[in-house]
Amino acid sequence: MRNPMIVGLSVAMALLALPPVSQAEQSRINRSIENFSLRDYRGKVHSLDALSDAKVVVVAFVGIECPLAKIYAPRLQELHEQFASEDVAFLGIDSNRQDSITELAAYARIHGIKFPVLKDAGNVVADAFGALRTPEVFVLDQDRKVRYWGRIDDQYGLGANSGYARPKVQRHDLAEAVNELLAGKEVSEPVIEAKGCIIGRVPKIDAHGEVTYSNQIARILQDRCVNCHREGEIAPFPLVEYDEVVGWAEMMREVIDEGRMPPWFANPAHGKFANDARMSEEQKKLFNTWVDNGCPEGDPADLPEPRDWVVGWQISEPDQVIYMSDEPDTVQAEGVVEYQYFTVDPGWTEDKWIQAAEARPDNRSVVHHNIAFVRPPQEPGAKRDRIRGGLLAGYAPGGGVREYHKGVAKFVPAGSKLVFQMHYTPNGSVQKDRSYVGVVFADPKTVHKRVQGGTPSNHSFAIPPGDPHYKVTSTHEFAEDMELFWFAPHMHLRGSAFRYEAAYPDGRREILLDVPKYDFNWQLRYILAEPKLMPAGTTMHCTAYFDNSEDNLANPDPTETVRWGDQTWEEMMIGWFGAVSADEDLQADKAETDKTENPDAAGG
């Protein structure tokens, strides 16, 4: 039976990557660590010398907002308990300038950490170790020499784009190193790349220059980042105040330079999109200059006016709110959670026209996506109806609400039910969730066009084991003139690229959307800046590529032949798009029908 796979690191995993370990970094192995003294979050002093009876000391650098540090916190505690009887001591160290003592105390409490967790003000101890990331561990022998440096194990980490999570641990790197030392052996793999958040160090230069946080950087972040990076939103840490931003500056520079943030994967050579999230080259240059100059704050009087962000519903106040279940669902602390399905009867005894719909997570820290599908009364079976019944609304990282233009609405027949598909990503502590969807109804007398769209998909593929570039195609032919509004390519963990292309009746071909580096962690909808006419007879070609090789670190099992399926260790190939008929006018059609059926009432 195939092992399930879950991406447990959600939004922020795009923030976490490391270059290969250099020869200079290899030299840190066998270096001696001098005594240090730090206070824990209770104010008690702990020193390395005080652990003189320990045969082995494990020093773990952690960060309270780093998703990897959160998910590995319970695992570090488990290892602490596992080796407690073998004279192995554990120390946690937080060197982030942006992490407060109060936050550190909450981190230890929430994740049940019983070993000392210390605050390294000014990152002095991190510099002595040469620590770079969180979580990152150093194993010291009885002479307090570094004998292992790197990751905890190989289950969670990063691929080329964003986060991955293996179905189970394949190598327990930290435990292996400790066991080898206790047995009097050399550590077989002394350096294994750790993947996590860059430690937020205090700059080593005096802040200077005309590019300041108050004058330029705050405006860039407000424009491109704060919509997600604020309290109550999807991002794992806020970027609203200077003290919050400065600790993440190096991490932010890395992900901006590599194009991982803000999340946007469309090839700019094809199409123009209203929701293009990319930073401009000028904005990138300003940010890099600011970091190079030591992150000067500038004059707070130069700060932009705080933006009036929409809090709560992004659509207007819903006419009806439908919850996925009567009671919250429990989400485990770590490991694998298969997709959960909840069927709800909204009580729609008459046909409905939906003007707007918004799916919302109850607990953003563990909800990767919350999708509500319509199950028409004549089509039982949640899995089939999830697509055939149509998408009502969905929440996912990078996704948006469904709010249609004036006079445009989605038709839902009487007796329909809603099927919630929930994808949970554990975050290191047991959580509860009761997600929901809100809808705004349209007056049928005001609806001129119905939302149609389509889902060109392919259910019959079989991706061979180890294939790094497997091609799957699907098509959709437009029987009438249609206006395209948006695209939403969908694959799972092996998906690597997706393209929409139009073949027009006159022989022309045009690339409508090209996503050369697809990332499952970001379910983006690409909204056209202007509607695109698809004349009758046009064929939309969707082409997807899948990487089923070992080089795809998110791959659940490169030895499997992969076919269509709901779970993330299976695959999908769907080219969702939104459109309306160019010529449809429901009110005009109704008036003409009324006139034909009752000419006297029409005033004839």
# chains A, B, ... in the order shown; residues from 1 in each chain; ligands from 1

$ select_by_dssp --residues "segment 306-352 of chain A" --states "strand (DSSP E)" --output "PyMOL selection string"
chain A and resi 320-323+329-331+340-344+352

$ residues_around --residues "segment 309-313 of chain A" --least-positions-apart "3" --cutoff "12 Å" --atoms "only C-alpha atoms" --output "PyMOL selection string"
chain A and resi 222-223+226-233+240+305-306+316-319+321+356-362+400-403+436-440

$ select_by_dssp --residues "segment 21-258 of chain A" --states "helix (DSSP H, G or I)" --output "JSON, numbers by chain"
{"A": [23, 24, 25, 26, 49, 50, 51, 67, 68, 69, 70, 71, 72, 73, 74, 75, 76, 77, 78, 79, 80, 81, 82, 84, 85, 86, 101, 102, 103, 104, 105, 106, 107, 108, 109, 110, 121, 122, 123, 124, 125, 126, 127, 128, 129, 173, 174, 175, 176, 177, 178, 179, 180, 181, 182, 213, 214, 215, 216, 217, 218, 219, 220, 221, 222, 223, 224, 242, 243, 244, 245, 246, 247, 249, 250, 251, 252, 253, 254, 255, 256, 257]}

$ residues_around --residues "Arg144 of chain A" --least-positions-apart "3" --cutoff "7 Å" --atoms "only C-alpha atoms" --output "ChimeraX atom specification"
/A:32-33,140-141

$ residues_around --residues "segment 493-510 of chain A" --least-positions-apart "4" --cutoff "9 Å" --atoms "only C-alpha atoms" --output "ChimeraX atom specification"
/A:5-7,164,270,469,487,489,514-521,534-549,552,554-556,568-573,575

$ closest_residue --among "A:Gly122, A:Val580, A:His368, A:Met261" --to "Val408 of chain A" --atoms "only C-alpha atoms"
A:Val580

$ residues_around --residues "Arg201 of chain A" --least-positions-apart "6" --cutoff "8 Å" --atoms "only C-alpha atoms" --output "list of chain:residue names"
A:Ser95, A:Asn96, A:Arg97, A:Gly122, A:Asn123, A:Gly247
